[in-house]
Structures are given as structure tokens and as C-alpha cells.
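Structure file upload24.cif with mmCIF, C-alpha atoms:
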```
data_final
loop_
_atom_site.label_atom_id
_atom_site.label_comp_id
_atom_site.auth_asym_id
_atom_site.auth_seq_id
_atom_site.Cartn_x
_atom_site.Cartn_y
_atom_site.Cartn_z
CA MET E 3 3.24 24.05 9.31
CA GLU E 4 0.57 26.73 8.51
CA SER E 5 2.77 29.38 6.96
CA ALA E 6 3.70 31.12 3.72
CA VAL E 7 5.44 27.93 2.58
CA THR E 8 3.31 26.21 -0.07
CA PRO E 9 2.06 22.62 0.39
CA ARG E 10 4.29 21.59 -2.48
CA ALA E 11 7.37 23.10 -0.79
CA TRP E 12 6.45 21.19 2.39
CA LEU E 13 6.23 18.02 0.30
CA VAL E 14 9.75 18.60 -1.05
CA LEU E 15 11.06 19.34 2.46
CA TYR E 16 9.38 16.23 3.82
CA LEU E 17 10.86 14.03 1.08
CA ALA E 18 14.33 15.52 1.65
CA ALA E 19 14.03 14.83 5.39
CA VAL E 20 13.00 11.23 4.73
CA VAL E 21 16.02 10.62 2.49
CA ALA E 22 18.38 12.34 4.95
CA ILE E 23 17.14 10.20 7.84
CA THR E 24 18.02 7.00 5.99
CA PHE E 25 21.64 8.17 5.75
CA ILE E 26 21.90 8.51 9.56
CA HIS E 27 23.13 5.39 11.33
CA SER E 28 23.58 6.75 14.85
CA PRO E 29 20.79 5.92 17.34
CA GLY E 30 21.75 9.01 19.38
CA VAL E 31 21.25 11.38 16.45
CA LEU E 32 17.97 9.70 15.48
CA ALA E 33 16.73 9.96 19.08
CA ALA E 34 17.65 13.66 19.14
CA LEU E 35 15.84 14.26 15.84
CA LEU E 36 12.77 12.43 17.15
CA LEU E 37 12.75 14.61 20.27
CA ILE E 38 13.08 17.75 18.14
CA ALA E 39 10.20 16.61 15.90
CA ILE E 40 8.03 15.83 18.94
CA ALA E 41 8.81 19.23 20.48
CA ALA E 42 8.22 21.09 17.20
CA SER E 43 4.86 19.48 16.49
CA ALA E 44 3.37 21.30 19.51
CA ARG E 45 -0.21 20.32 20.41
CA LEU E 46 -0.32 17.52 17.85
CA ARG E 47 2.58 15.68 19.49
CA TRP E 48 0.83 13.05 21.64
CA LYS E 49 -1.73 12.21 18.96
CA LEU E 50 1.03 11.83 16.36
CA LEU E 51 3.23 9.79 18.69
CA ARG E 52 0.35 7.45 19.53
CA ARG E 53 -0.52 7.01 15.83
CA ALA E 54 3.11 6.40 14.86
CA LEU E 55 3.65 3.88 17.66
CA LEU E 56 0.45 2.01 16.80
CA ALA E 57 1.31 1.98 13.09
CA ILE E 58 4.74 0.41 13.60
CA LEU E 59 4.08 -1.65 16.72
CA ALA E 60 3.00 -5.00 15.29
CA TYR E 61 5.54 -5.11 12.49
CA ASN E 62 8.51 -3.83 14.48
CA LEU E 63 7.75 -6.10 17.44
CA ALA E 64 7.63 -9.12 15.14
CA LEU E 65 10.84 -8.14 13.36
CA SER E 66 12.71 -7.15 16.54
CA ALA E 67 11.72 -10.38 18.29
CA GLY E 68 12.76 -12.38 15.21
CA TYR E 69 16.12 -10.61 15.06
CA ALA E 70 16.75 -10.92 18.82
CA GLY E 71 15.89 -14.63 18.85
CA LEU E 72 18.03 -15.47 15.82
CA ALA E 73 20.99 -13.24 16.78
CA LEU E 74 21.06 -14.54 20.37
CA TRP E 75 20.96 -18.11 19.08
CA GLN E 76 23.83 -17.38 16.65
CA GLY E 77 25.75 -15.40 19.29
CA ASN E 78 25.92 -12.10 17.34
CA PHE E 79 23.20 -10.04 19.02
CA VAL E 80 23.75 -6.27 18.78
CA ALA E 81 21.37 -4.16 20.89
CA ASP E 82 22.54 -1.04 19.03
CA TYR E 83 20.95 -2.42 15.82
CA LEU E 84 17.54 -2.81 17.45
CA LEU E 85 17.74 0.73 18.79
CA LEU E 86 18.84 2.10 15.41
CA VAL E 87 16.17 0.41 13.33
CA ASN E 88 13.29 1.07 15.74
CA LEU E 89 14.20 4.73 16.18
CA ARG E 90 14.55 5.20 12.43
CA VAL E 91 11.19 3.60 11.69
CA LEU E 92 9.46 5.56 14.48
CA LEU E 93 10.96 8.85 13.30
CA LEU E 94 9.92 8.20 9.67
CA ALA E 95 6.38 7.27 10.73
CA TYR E 96 6.17 10.30 13.03
CA ILE E 97 7.20 12.86 10.43
CA GLY E 98 4.96 11.15 7.85
CA PHE E 99 1.89 11.55 10.06
CA TRP E 100 2.98 15.08 10.99
CA PHE E 101 3.20 15.99 7.30
CA VAL E 102 -0.27 14.58 6.56
CA ALA E 103 -1.80 16.26 9.62
CA ALA E 104 -0.32 19.68 8.88
CA VAL E 105 -0.25 19.91 5.08
CA ASP E 106 -3.06 19.74 2.51
CA LEU E 107 -2.19 16.54 0.63
CA LEU E 108 -4.21 17.41 -2.48
CA GLY E 109 -2.61 20.87 -2.50
CA ALA E 110 0.84 19.24 -2.37
CA LEU E 111 -0.07 17.09 -5.38
CA SER E 112 -1.46 20.06 -7.34
CA GLY E 113 1.50 20.13 -9.74
CA TRP E 114 0.52 16.70 -11.04
CA PRO E 115 -3.04 16.87 -12.46
CA LEU E 116 -3.41 13.11 -13.03
CA ALA E 117 -2.27 12.31 -9.48
CA THR E 118 -4.64 14.97 -8.09
CA LEU E 119 -7.54 13.60 -10.14
CA LEU E 120 -6.96 10.03 -9.00
CA ALA E 121 -6.28 10.97 -5.39
CA THR E 122 -9.48 13.06 -5.23
CA LEU E 123 -11.57 10.23 -6.65
CA CYS E 124 -9.89 7.59 -4.51
CA ILE E 125 -10.24 9.54 -1.25
CA GLY E 126 -13.91 10.21 -2.16
CA GLN E 127 -14.42 6.47 -2.67
CA ILE E 128 -12.73 5.61 0.61
CA LYS E 129 -15.11 7.97 2.43
CA THR E 130 -18.08 6.38 0.60
CA PHE E 131 -16.88 2.90 1.65
CA GLU E 132 -16.49 3.99 5.27
CA ARG E 133 -19.99 5.50 5.39
CA ILE E 134 -21.65 2.45 3.78
CA LEU E 135 -19.85 0.01 6.08
CA ARG E 136 -20.85 2.01 9.16
CA ASP E 137 -24.50 2.22 8.03
CA PHE E 138 -24.64 -1.53 7.35
CA ARG E 139 -23.01 -2.40 10.66
CA LEU E 140 -25.44 -0.26 12.65
CA ALA E 141 -28.47 -1.53 10.70
CA PHE E 142 -27.41 -5.16 11.16
CA ALA E 143 -26.84 -4.66 14.89
CA SER E 144 -30.24 -3.00 15.31
CA ARG E 145 -32.03 -5.91 13.57
CA ASN E 146 -30.40 -8.62 15.69
CA LEU E 147 -31.28 -8.71 19.36
CA VAL E 148 -29.47 -12.05 19.75
CA ARG E 149 -26.14 -13.06 18.23
CA PRO E 150 -26.69 -13.77 14.47
CA THR E 151 -25.80 -17.19 13.05
CA LEU E 152 -22.92 -17.73 10.66
CA THR E 153 -25.40 -18.10 7.77
CA ASP E 154 -27.03 -14.76 8.67
CA ARG E 155 -23.64 -13.07 8.84
CA SER E 156 -22.55 -14.57 5.50
CA ARG E 157 -25.78 -13.40 3.84
CA HIS E 158 -25.30 -9.96 5.36
CA ALA E 159 -21.68 -9.79 4.16
CA ALA E 160 -22.68 -10.74 0.59
CA ALA E 161 -25.46 -8.12 0.51
CA GLN E 162 -23.10 -5.54 1.98
CA ALA E 163 -20.38 -6.25 -0.60
CA GLN E 164 -22.88 -5.96 -3.47
CA THR E 165 -24.27 -2.65 -2.16
CA LEU E 166 -20.78 -1.36 -1.41
CA LEU E 167 -19.66 -1.85 -5.01
CA ASP E 168 -22.92 -0.56 -6.57
CA LYS E 169 -23.14 2.56 -4.40
CA SER E 170 -19.46 3.26 -4.78
CA LEU E 171 -19.76 2.98 -8.56
CA ALA E 172 -22.79 5.28 -8.59
CA SER E 173 -21.01 7.83 -6.41
CA ALA E 174 -17.86 7.78 -8.55
CA GLY E 175 -20.08 8.00 -11.65
CA GLU E 176 -21.63 11.22 -10.36
CA ALA E 177 -18.18 12.62 -9.64
CA ALA E 178 -17.02 11.69 -13.15
CA LEU E 179 -20.04 13.36 -14.77
CA ALA E 180 -19.37 16.50 -12.73
CA MET E 181 -15.78 16.39 -13.92
CA ARG E 182 -16.90 15.85 -17.53
CA SER E 183 -19.15 18.94 -17.31
CA ARG E 184 -16.10 20.95 -16.15
CA GLY E 185 -13.96 19.69 -19.04
CA ALA E 186 -11.76 17.29 -17.04
CA PHE E 187 -11.56 14.75 -19.91
CA ASP E 188 -11.24 17.26 -22.74
CA ASP E 189 -7.45 17.28 -23.13
CA MET L 29 3.22 -7.46 1.58
CA HIS L 30 4.43 -3.90 1.77
CA ILE L 31 7.98 -3.24 2.81
CA PRO L 32 7.74 -0.69 5.65
CA ASP L 33 9.76 2.51 5.85
CA GLY L 34 13.27 2.30 7.26
CA PHE L 35 14.25 -1.20 6.14
CA LEU L 36 15.63 -0.43 2.67
CA SER L 37 19.01 1.20 2.20
CA PRO L 38 19.39 4.31 0.00
CA GLN L 39 21.53 2.14 -2.32
CA THR L 40 18.34 0.18 -2.99
CA TYR L 41 15.48 2.66 -2.91
CA LEU L 42 17.14 5.53 -4.82
CA PRO L 43 17.85 3.42 -7.97
CA ALA L 44 14.37 1.91 -7.56
CA TYR L 45 12.89 5.41 -7.67
CA ALA L 46 14.80 6.12 -10.89
CA VAL L 47 13.23 3.04 -12.48
CA ALA L 48 9.80 3.74 -10.98
CA VAL L 49 9.67 7.34 -12.25
CA GLY L 50 10.19 6.08 -15.81
CA ALA L 51 7.55 3.38 -15.30
CA TRP L 52 5.05 5.85 -13.77
CA SER L 53 5.54 8.22 -16.69
CA TRP L 54 4.91 5.38 -19.19
CA ALA L 55 1.88 4.17 -17.28
CA ALA L 56 0.39 7.65 -16.81
CA ARG L 57 0.48 8.23 -20.58
CA GLY L 58 -1.53 5.04 -21.10
CA LEU L 59 -3.96 5.87 -18.32
CA ARG L 60 -4.68 9.37 -19.67
CA GLN L 61 -5.72 7.87 -23.01
CA SER L 62 -8.19 5.47 -21.39
CA LEU L 63 -9.85 7.84 -18.88
CA ASP L 64 -13.43 8.84 -19.57
CA GLU L 65 -16.69 9.10 -17.64
CA THR L 66 -17.20 5.32 -17.92
CA THR L 67 -13.77 4.09 -16.85
CA VAL L 68 -13.09 6.71 -14.15
CA PRO L 69 -15.86 5.59 -11.73
CA ARG L 70 -14.93 1.92 -12.15
CA LEU L 71 -11.24 2.60 -11.64
CA ALA L 72 -11.96 4.79 -8.61
CA MET L 73 -14.21 2.13 -7.07
CA LEU L 74 -11.76 -0.75 -7.53
CA THR L 75 -8.80 1.39 -6.44
CA ALA L 76 -10.63 2.17 -3.20
CA LEU L 77 -11.48 -1.53 -2.83
CA ALA L 78 -7.81 -2.47 -3.28
CA TYR L 79 -6.94 0.17 -0.68
CA GLY L 80 -9.37 -1.39 1.80
CA MET L 81 -8.17 -4.94 1.09
CA GLY L 82 -4.56 -3.94 1.72
CA LEU L 83 -5.30 -2.52 5.14
CA VAL L 84 -6.29 -5.88 6.66
CA MET L 85 -2.75 -7.11 7.25
CA LEU L 86 -0.76 -9.36 9.54
CA PRO L 87 2.95 -8.86 10.26
CA ILE L 88 5.21 -11.65 9.01
CA PRO L 89 8.39 -11.96 11.15
CA GLY L 90 10.54 -12.68 8.09
CA GLY L 91 10.24 -9.13 6.87
CA THR L 92 6.89 -7.85 5.72
CA SER L 93 3.12 -8.08 6.21
CA GLY L 94 0.57 -10.43 4.72
CA HIS L 95 -2.61 -9.15 3.05
CA ALA L 96 -4.65 -9.36 -0.14
CA LEU L 97 -3.55 -6.95 -2.90
CA GLY L 98 -6.38 -6.39 -5.34
CA VAL L 99 -3.91 -5.63 -8.10
CA ALA L 100 -5.03 -8.58 -10.24
CA MET L 101 -8.62 -7.33 -10.42
CA LEU L 102 -7.34 -3.87 -11.43
CA ALA L 103 -5.02 -5.34 -14.07
CA LEU L 104 -7.56 -7.78 -15.53
CA ILE L 105 -10.20 -5.07 -15.85
CA PHE L 106 -8.14 -1.98 -16.75
CA GLY L 107 -4.79 -3.30 -18.05
CA VAL L 108 -1.25 -3.16 -16.67
CA ARG L 109 -0.63 0.58 -17.06
CA SER L 110 -3.80 1.74 -15.33
CA ALA L 111 -3.42 -0.91 -12.62
CA PHE L 112 0.16 0.19 -11.93
CA VAL L 113 -0.76 3.87 -11.53
CA ALA L 114 -3.86 3.06 -9.45
CA TYR L 115 -1.99 0.64 -7.20
CA SER L 116 0.87 3.11 -6.73
CA LEU L 117 -1.73 5.59 -5.50
CA VAL L 118 -3.12 2.94 -3.13
CA LEU L 119 0.38 2.40 -1.72
CA LEU L 120 0.96 6.16 -1.35
CA LEU L 121 -2.34 6.68 0.50
CA GLN L 122 -1.79 3.65 2.73
CA SER L 123 1.66 4.88 3.67
CA LEU L 124 0.63 8.49 4.33
CA LEU L 125 -2.69 7.84 6.07
CA PHE L 126 -1.90 4.63 7.97
CA GLY L 127 1.88 4.28 8.01
CA ALA L 128 1.51 1.01 6.08
CA GLY L 129 4.46 0.74 3.72
CA GLY L 130 6.36 3.97 3.44
CA ILE L 131 7.84 6.68 1.28
CA THR L 132 11.32 5.15 1.02
CA ALA L 133 9.80 1.78 0.15
CA LEU L 134 7.16 3.19 -2.22
CA ALA L 135 9.15 2.66 -5.43
CA ILE L 136 10.07 -0.96 -4.70
CA ASN L 137 6.56 -1.70 -3.42
CA ALA L 138 5.00 -0.10 -6.50
CA LEU L 139 7.31 -1.89 -8.93
CA ALA L 140 6.84 -5.27 -7.22
CA LEU L 141 3.17 -5.18 -6.26
CA GLY L 142 1.81 -2.71 -8.82
CA LEU L 143 3.84 -3.37 -11.96
CA ALA L 144 5.13 -6.94 -11.62
CA GLY L 145 1.87 -8.05 -9.97
CA ALA L 146 -0.28 -6.51 -12.71
CA ALA L 147 1.94 -7.73 -15.56
CA THR L 148 2.01 -11.26 -14.13
CA ALA L 149 -1.77 -11.33 -13.78
CA VAL L 150 -2.39 -10.15 -17.35
CA ALA L 151 0.23 -12.52 -18.82
CA ALA L 152 -1.11 -15.51 -16.87
CA ARG L 153 -4.72 -14.72 -17.86
CA HIS L 154 -3.65 -14.45 -21.49
CA LEU L 155 -1.76 -17.76 -21.41
CA LEU L 156 -4.49 -19.66 -19.55
CA ARG L 157 -7.52 -18.18 -21.32
CA GLY L 158 -8.27 -21.58 -22.90
CA PHE L 159 -8.91 -23.13 -19.47
CA GLY L 160 -11.95 -20.94 -18.83
CA ASP L 161 -12.59 -17.69 -17.00
CA THR L 162 -12.66 -18.95 -13.43
CA LEU L 163 -9.44 -20.96 -13.57
CA SER L 164 -7.45 -18.43 -15.60
CA VAL L 165 -8.54 -15.49 -13.41
CA ALA L 166 -7.86 -17.46 -10.21
CA VAL L 167 -4.37 -18.55 -11.28
CA ALA L 168 -3.59 -15.03 -12.52
CA ALA L 169 -4.62 -13.60 -9.15
CA TRP L 170 -2.61 -16.21 -7.23
CA LEU L 171 0.50 -15.46 -9.28
CA SER L 172 -0.06 -11.71 -8.85
CA VAL L 173 0.56 -12.25 -5.13
CA VAL L 174 3.35 -14.84 -5.27
CA VAL L 175 5.58 -13.16 -7.88
CA PRO L 176 5.65 -9.77 -6.06
CA GLY L 177 6.28 -11.74 -2.85
CA ILE L 178 9.46 -13.18 -4.39
CA ILE L 179 10.61 -9.70 -5.54
CA VAL L 180 9.94 -8.16 -2.12
CA ALA L 181 11.77 -11.04 -0.40
CA VAL L 182 14.81 -10.57 -2.64
CA ALA L 183 14.85 -6.77 -2.15
CA LEU L 184 14.80 -7.25 1.63
CA GLY L 185 17.08 -10.27 1.71
CA ILE L 186 19.95 -8.47 -0.04
CA GLN L 187 19.97 -5.60 2.50
CA PRO L 188 22.43 -7.23 4.95
CA LEU L 189 24.85 -7.72 2.02
CA ILE L 190 24.78 -4.13 0.77
CA ALA L 191 24.26 -2.09 3.97
CA HIS L 192 26.18 -3.14 7.07
CA ARG L 193 28.76 -1.86 9.54
CA ASP L 194 32.41 -2.93 9.38
CA ASP L 195 31.70 -5.68 11.92
CA GLY L 196 28.89 -7.05 9.77
CA THR L 197 25.99 -5.67 11.86
CA PRO L 198 23.10 -4.85 9.50
CA LEU L 199 22.02 -1.23 9.12
CA PHE L 200 18.59 -1.83 7.61
CA PHE L 201 16.79 -5.15 7.17
CA PRO L 202 18.58 -7.80 9.26
CA PHE L 203 17.74 -11.13 7.59
CA GLY L 204 19.35 -12.61 4.47
CA LEU L 205 17.71 -14.39 1.55
CA ASP L 206 17.80 -17.74 3.36
CA ILE L 207 15.22 -16.36 5.80
CA SER L 208 13.37 -13.67 3.84
CA LEU L 209 12.48 -15.89 0.86
CA PRO L 210 10.70 -18.72 2.72
CA ALA L 211 9.29 -16.38 5.39
CA ILE L 212 7.65 -14.10 2.84
CA VAL L 213 6.88 -16.35 -0.11
CA LEU L 214 5.34 -19.32 1.75
CA PRO L 215 2.62 -17.30 3.58
CA HIS L 216 1.87 -15.45 0.35
CA MET L 217 1.27 -18.75 -1.45
CA LEU L 218 -1.61 -19.20 1.00
CA ILE L 219 -2.73 -15.57 0.86
CA GLY L 220 -2.80 -15.95 -2.93
CA VAL L 221 -5.67 -18.45 -2.59
CA GLY L 222 -7.79 -15.81 -0.80
CA GLU L 223 -6.77 -13.25 -3.42
CA ALA L 224 -7.86 -15.67 -6.17
CA VAL L 225 -11.32 -16.11 -4.58
CA LEU L 226 -11.81 -12.34 -4.16
CA THR L 227 -10.63 -11.61 -7.69
CA VAL L 228 -12.96 -14.21 -9.22
CA LEU L 229 -15.89 -12.69 -7.26
CA VAL L 230 -15.07 -9.15 -8.48
CA TRP L 231 -14.53 -10.50 -12.00
CA ARG L 232 -18.01 -12.06 -11.96
CA TYR L 233 -19.47 -8.81 -10.60
CA ALA L 234 -17.87 -6.90 -13.48
CA LYS L 235 -18.95 -9.50 -16.04
CA ALA L 236 -22.55 -9.43 -14.76
CA ARG L 237 -22.58 -5.67 -15.38
CA LYS L 238 -21.14 -6.15 -18.88
CA TRP L 239 -17.90 -4.25 -18.34
CA SER L 240 -15.32 -4.73 -21.07
CA LEU L 241 -12.87 -7.26 -19.58
CA ARG L 242 -9.44 -8.41 -20.73
#
```

Just give me the structure as C-alpha cells.
Amino acid sequence: MESAVTPRAWLVLYLAAVVAITFIHSPGVLAALLLIAIAASARLRWKLLRRALLAILAYNLALSAGYAGLALWQGNFVADYLLLVNLRVLLLAYIGFWFVAAVDLLGALSGWPLATLLATLCIGQIKTFERILRDFRLAFASRNLVRPTLTDRSRHAAAQAQTLLDKSLASAGEAALAMRSRGAFDD
Amino acid sequence: MHIPDGFLSPQTYLPAYAVAVGAWSWAARGLRQSLDETTVPRLAMLTALAYGMGLVMLPIPGGTSGHALGVAMLALIFGVRSAFVAYSLVLLLQSLLFGAGGITALAINALALGLAGAATAVAARHLLRGFGDTLSVAVAAWLSVVVPGIIVAVALGIQPLIAHRDDGTPLFFPFGLDISLPAIVLPHMLIGVGEAVLTVLVWRYAKARKWSLR
């Protein structure tokens, strides 16, 4: 998707594709579209397919098993339905991950300043959370040569939660001050 | 309790988007007025926390997934409008980055979890204020999970009625209200207890740091 088309235009195209897919009720057409998307996404294809399958696996397995069990018991099982719904969900997940992998999300939101502001801050916070959690996990593992007790783990979790919130607040505070100095809250 | 992509018919999600766009516009106006260098870091922190809480989820066979929301803590600290915008962003990021929820379901999810959840929490806290902080915040948080659960169950449960083939085979979500309501609402009555505990803990954290609370 790296081309002259702007991130915002890709966003519009992606949204149009999502809506169009929900109007298609033929498993054959959905399967063909999925194959086209897989072929078109070139070197990203296996990574995207794996991510999409993992994202939908638990939910779709639970729902498909629930439907199959109930429909077989009631005598109105339709295999075509299972194919239709699973292909549709997989295709939607696949193109969603493809869009995120290929298009700058913040660039796509650039027409909406408030959304960009919040998304930037939120993504920054998520990264802060990830880093703190990783640091705590590694530090805790290095301090415990034997398996820690439940009390130790509870104490660790409480300390981690407190630090997580304090550090996150401090980090977002710095970002907000930087934004203030650039006039982000002036209008 | 997100509804995933692909289980709502266009007859459901397109009108929901029309309603949600109006609600987002109303909420964004309120949020803009309240943003400053004090509120922005707090909102960013709790939005990211809500995002993390929502990612620990279990599939529920009756139509959705079970997880804590974090919308009550947003609503009780920042108000309904800010909570709705922030939670909508959480849902958007979860759907794009993890495939949890989805673009077609975003409007219904945002209206149910973000708007109805936040409004319920604030209303319940207001009504129960006389019973003390802990009880009123806990009940508000519990209701902020159960009420959206009912809305999500109804939105899914009506799909077989409004989107099916001539022979009655469903085209989107396959189960009716008789299954979706108990399957979604009952687990969320339990999840609501965990949400209440988490919300009370965050509330106490905020109170200890002298944030202005509602």
C-alpha cells in the first residue's frame, strides 16, 4: 500500500471494502476475495493470515461449535452458514490487519485533530505500560530463584500496579506539557 | 463484551453509525472544553488501562466475549462525554491492533459499552451517593457492565430476525434473544463483580492523589 494514495484515502477505501463485504452472502465469493487479498498482500501474507486466524480462532470456534450443536439438535443444521460466517469474519480480520500493517494509522486520522491527539497519547501510554510490565516481570524473575509464594506474587502485583499508574501518569504528564508548549490546548 | 466483526447486519450497524456519529460529535465538544495539561495525562493513563483490561477476554458461546471494561472508572473520574470518546478510542485500537471487536461493530460497541456504560455508572453513582463511596462506586461499576451486556445481547439476538435467507438460515449472528440474553448477561453479572473491585481500587488511587472526582 506504499503509493501516492494518502493514508486517509486508504482509510476510506478500507471502510468501503468492509461495508461491501457485509453485503456479500456467498461463501464462494468471500473465499475468492480472501484469496485475492492474500495474494495481493505479498510478503506480509503469512504473518497477516496467522494473526487473523489467531484473533478470530477462540471466538469463532466457540460460536461455530455452539451453532453446530444447537442446529444439529434442532435438525436445521446448514453447513453453508458456518462457511459463510467464518469466511466473512476471517476476511474482515485479514484486511483489517493488512490496513494497519501497511498504512500509517495516525496519518489516516490526521483530518480529525482530537482523534489524533487522543490516539497519540493512548498509543504512547500503551507502549509505557508494555515496557513497565516487561521490566517488572524480568526483575521479579531475577529475584526469585525458587517459585514465589502467592503472598509474594500478590505483593508484587500491588507494587507493580501502583508503579504502572504513577509512571504512566508522569509520562503522559510530560507529553501534555510538551503539547502545551506547542500550543495544543490554546484553541 | 465486544461484538466481533461480521456478526451484525448492515441493517443494524449502518443506523447505529448514524446515531454514534451524532453522539461522538456531542461528546467531542464536551471533551475539548475539559482538556488541559492536568486532565490529559490522567485521561491518557486511564484510557490505556481500560485498553489493557479489555484485552484479557474469554469467548462466550452465546455471542460475545467476557472481560472487564474500565468504562466506569473513566466515567466517574472524567464524566460521560469524555469517557465515551476515550472508550470509543479504546474499542477502535483494540479492533485494529488485535482484531478484538471490529469496524462494523464499532458503533454498537461504542454506544453500548462507552455511552450506555458510562451514563449508567454516573447515574448510579449519583443516585447511591448517600450510601458511601465504596458501595456507590462498586454498584455503579457493576451496572456499567451489566447494562451494556443487555444492549449487546439484544443487538445480537435480533440478527436472525432481520437478516436471514428465505429458508430461515441466519446470515449473521445465528442465535435469537432466548439464547443471547442469558448467555451474555449472566456471565457479565459475575464479571461485573471483578469490574467493581477494580474500579473501587482505581477510585481510591485517584482519591489518594486528590483528583477531582464526580

Taking all atoms listed in the file into account, what are the residues of chain E at most 8 Å from chain L, put as a VMD selection string?
chain E and resid 17 20 to 21 24 to 25 27 54 57 to 58 60 to 61 64 to 65 68 to 69 80 83 86 to 87 90 to 91 94 to 95 98 to 99 102 116 to 117 120 to 121 123 to 125 127 to 128 131 167 170 to 175 177 to 179 182 187

List, as a PyMOL selection string, every residue that the PyMOL selection byres ((chain L and resi 144) around 9) selects in the file provided.
chain L and resi 108+112+138-143+145-149+172+175-176+179

Could you give me, as JSON, numbers by chain, the residues within 12 Å of range 152-157 of chain E, counting all atoms listed in the file and dropping anything in the same chain fewer than 5 positions from it?
{"E": [138, 139, 142, 143, 145, 146, 162, 163, 164]}

What is the CA of Leu119 in chain E to CA of Ala236 in chain L distance in Å?
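So the two atoms, CA of Leu119 in chain E and CA of Ala236 in chain L, lie 27.9 Å apart.
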
Can you pull out the residues contacting Leu189 in chain L? Cut-off 8 Å, using all atoms listed in the file, and skip same-chain residues under 3 positions away; I want them as a list in words.
Ile186, His192 and Gly204 of chain L

Work out how far apart CA of Gly113 in chain E and CA of Gly98 in chain L are and give it in Å to one decimal.
28.0 Å

Hits from the PyMOL selection byres ((chain E and resi 9) around 6), listed as a PyMOL selection string:
chain E and resi 8+10-12+105+109-110

Since I can't run it myself right now, could you work out what the PyMOL selection byres ((chain E and resi 45-51) around 9) selects here and report it as a tab-separated table (two decimals) with C-alpha atoms, in the frame of the given file?
```
chain	number	residue	atom	x	y	z
E	39	ALA	CA	10.20	16.61	15.90
E	40	ILE	CA	8.03	15.83	18.94
E	41	ALA	CA	8.81	19.23	20.48
E	42	ALA	CA	8.22	21.09	17.20
E	43	SER	CA	4.86	19.48	16.49
E	44	ALA	CA	3.37	21.30	19.51
E	52	ARG	CA	0.35	7.45	19.53
E	53	ARG	CA	-0.52	7.01	15.83
E	54	ALA	CA	3.11	6.40	14.86
E	55	LEU	CA	3.65	3.88	17.66
E	56	LEU	CA	0.45	2.01	16.80
E	92	LEU	CA	9.46	5.56	14.48
E	95	ALA	CA	6.38	7.27	10.73
E	96	TYR	CA	6.17	10.30	13.03
E	97	ILE	CA	7.20	12.86	10.43
E	99	PHE	CA	1.89	11.55	10.06
E	100	TRP	CA	2.98	15.08	10.99
E	103	ALA	CA	-1.80	16.26	9.62
```

How many Å lie between CA of Ile38 in chain E and CA of Leu107 in chain E, rounded to one decimal?
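Spanning CA of Ile38 in chain E to CA of Leu107 in chain E is a straight-line distance of 23.3 Å.
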
Would you mind telling me which residue in L:Gly58, L:Gly107, L:Pro210, L:Gly50 lies nearest to Ala151 in chain L when using all atoms listed in the file?
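Among the listed residues, L:Gly107 lies closest to Ala151 in chain L.
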
Could the centre and edge lengths of an axis-aligned box, enclosing all atoms of range 109-116 of chain E in the file with 8 Å extra on each side, be given in Å to one decimal as lines of an AutoDock Vina configuration file?
```
center_x = -1.0
center_y = 17.0
center_z = -7.7
size_x = 20.9
size_y = 23.8
size_z = 26.7
```

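All protein and nucleic acid residues in the vicinity of (-3.9, -13.9, 0.2), that is within 9 Å when counting only C-alpha atoms, are Gly94, His95, Ala96, Leu97, Trp170, Val173, Pro215, His216, Met217, Leu218, Ile219, Gly220, Val221, Gly222, Glu223 and Ala224 of chain L.
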
What's around range 160-165 of chain L at 8 Å? Count all atoms listed in the file, leave out sequence neighbours fewer than 4 positions away in its own chain, and write the answer as a PyMOL selection string.
chain L and resi 149+152-153+156+169+224+227-228+231
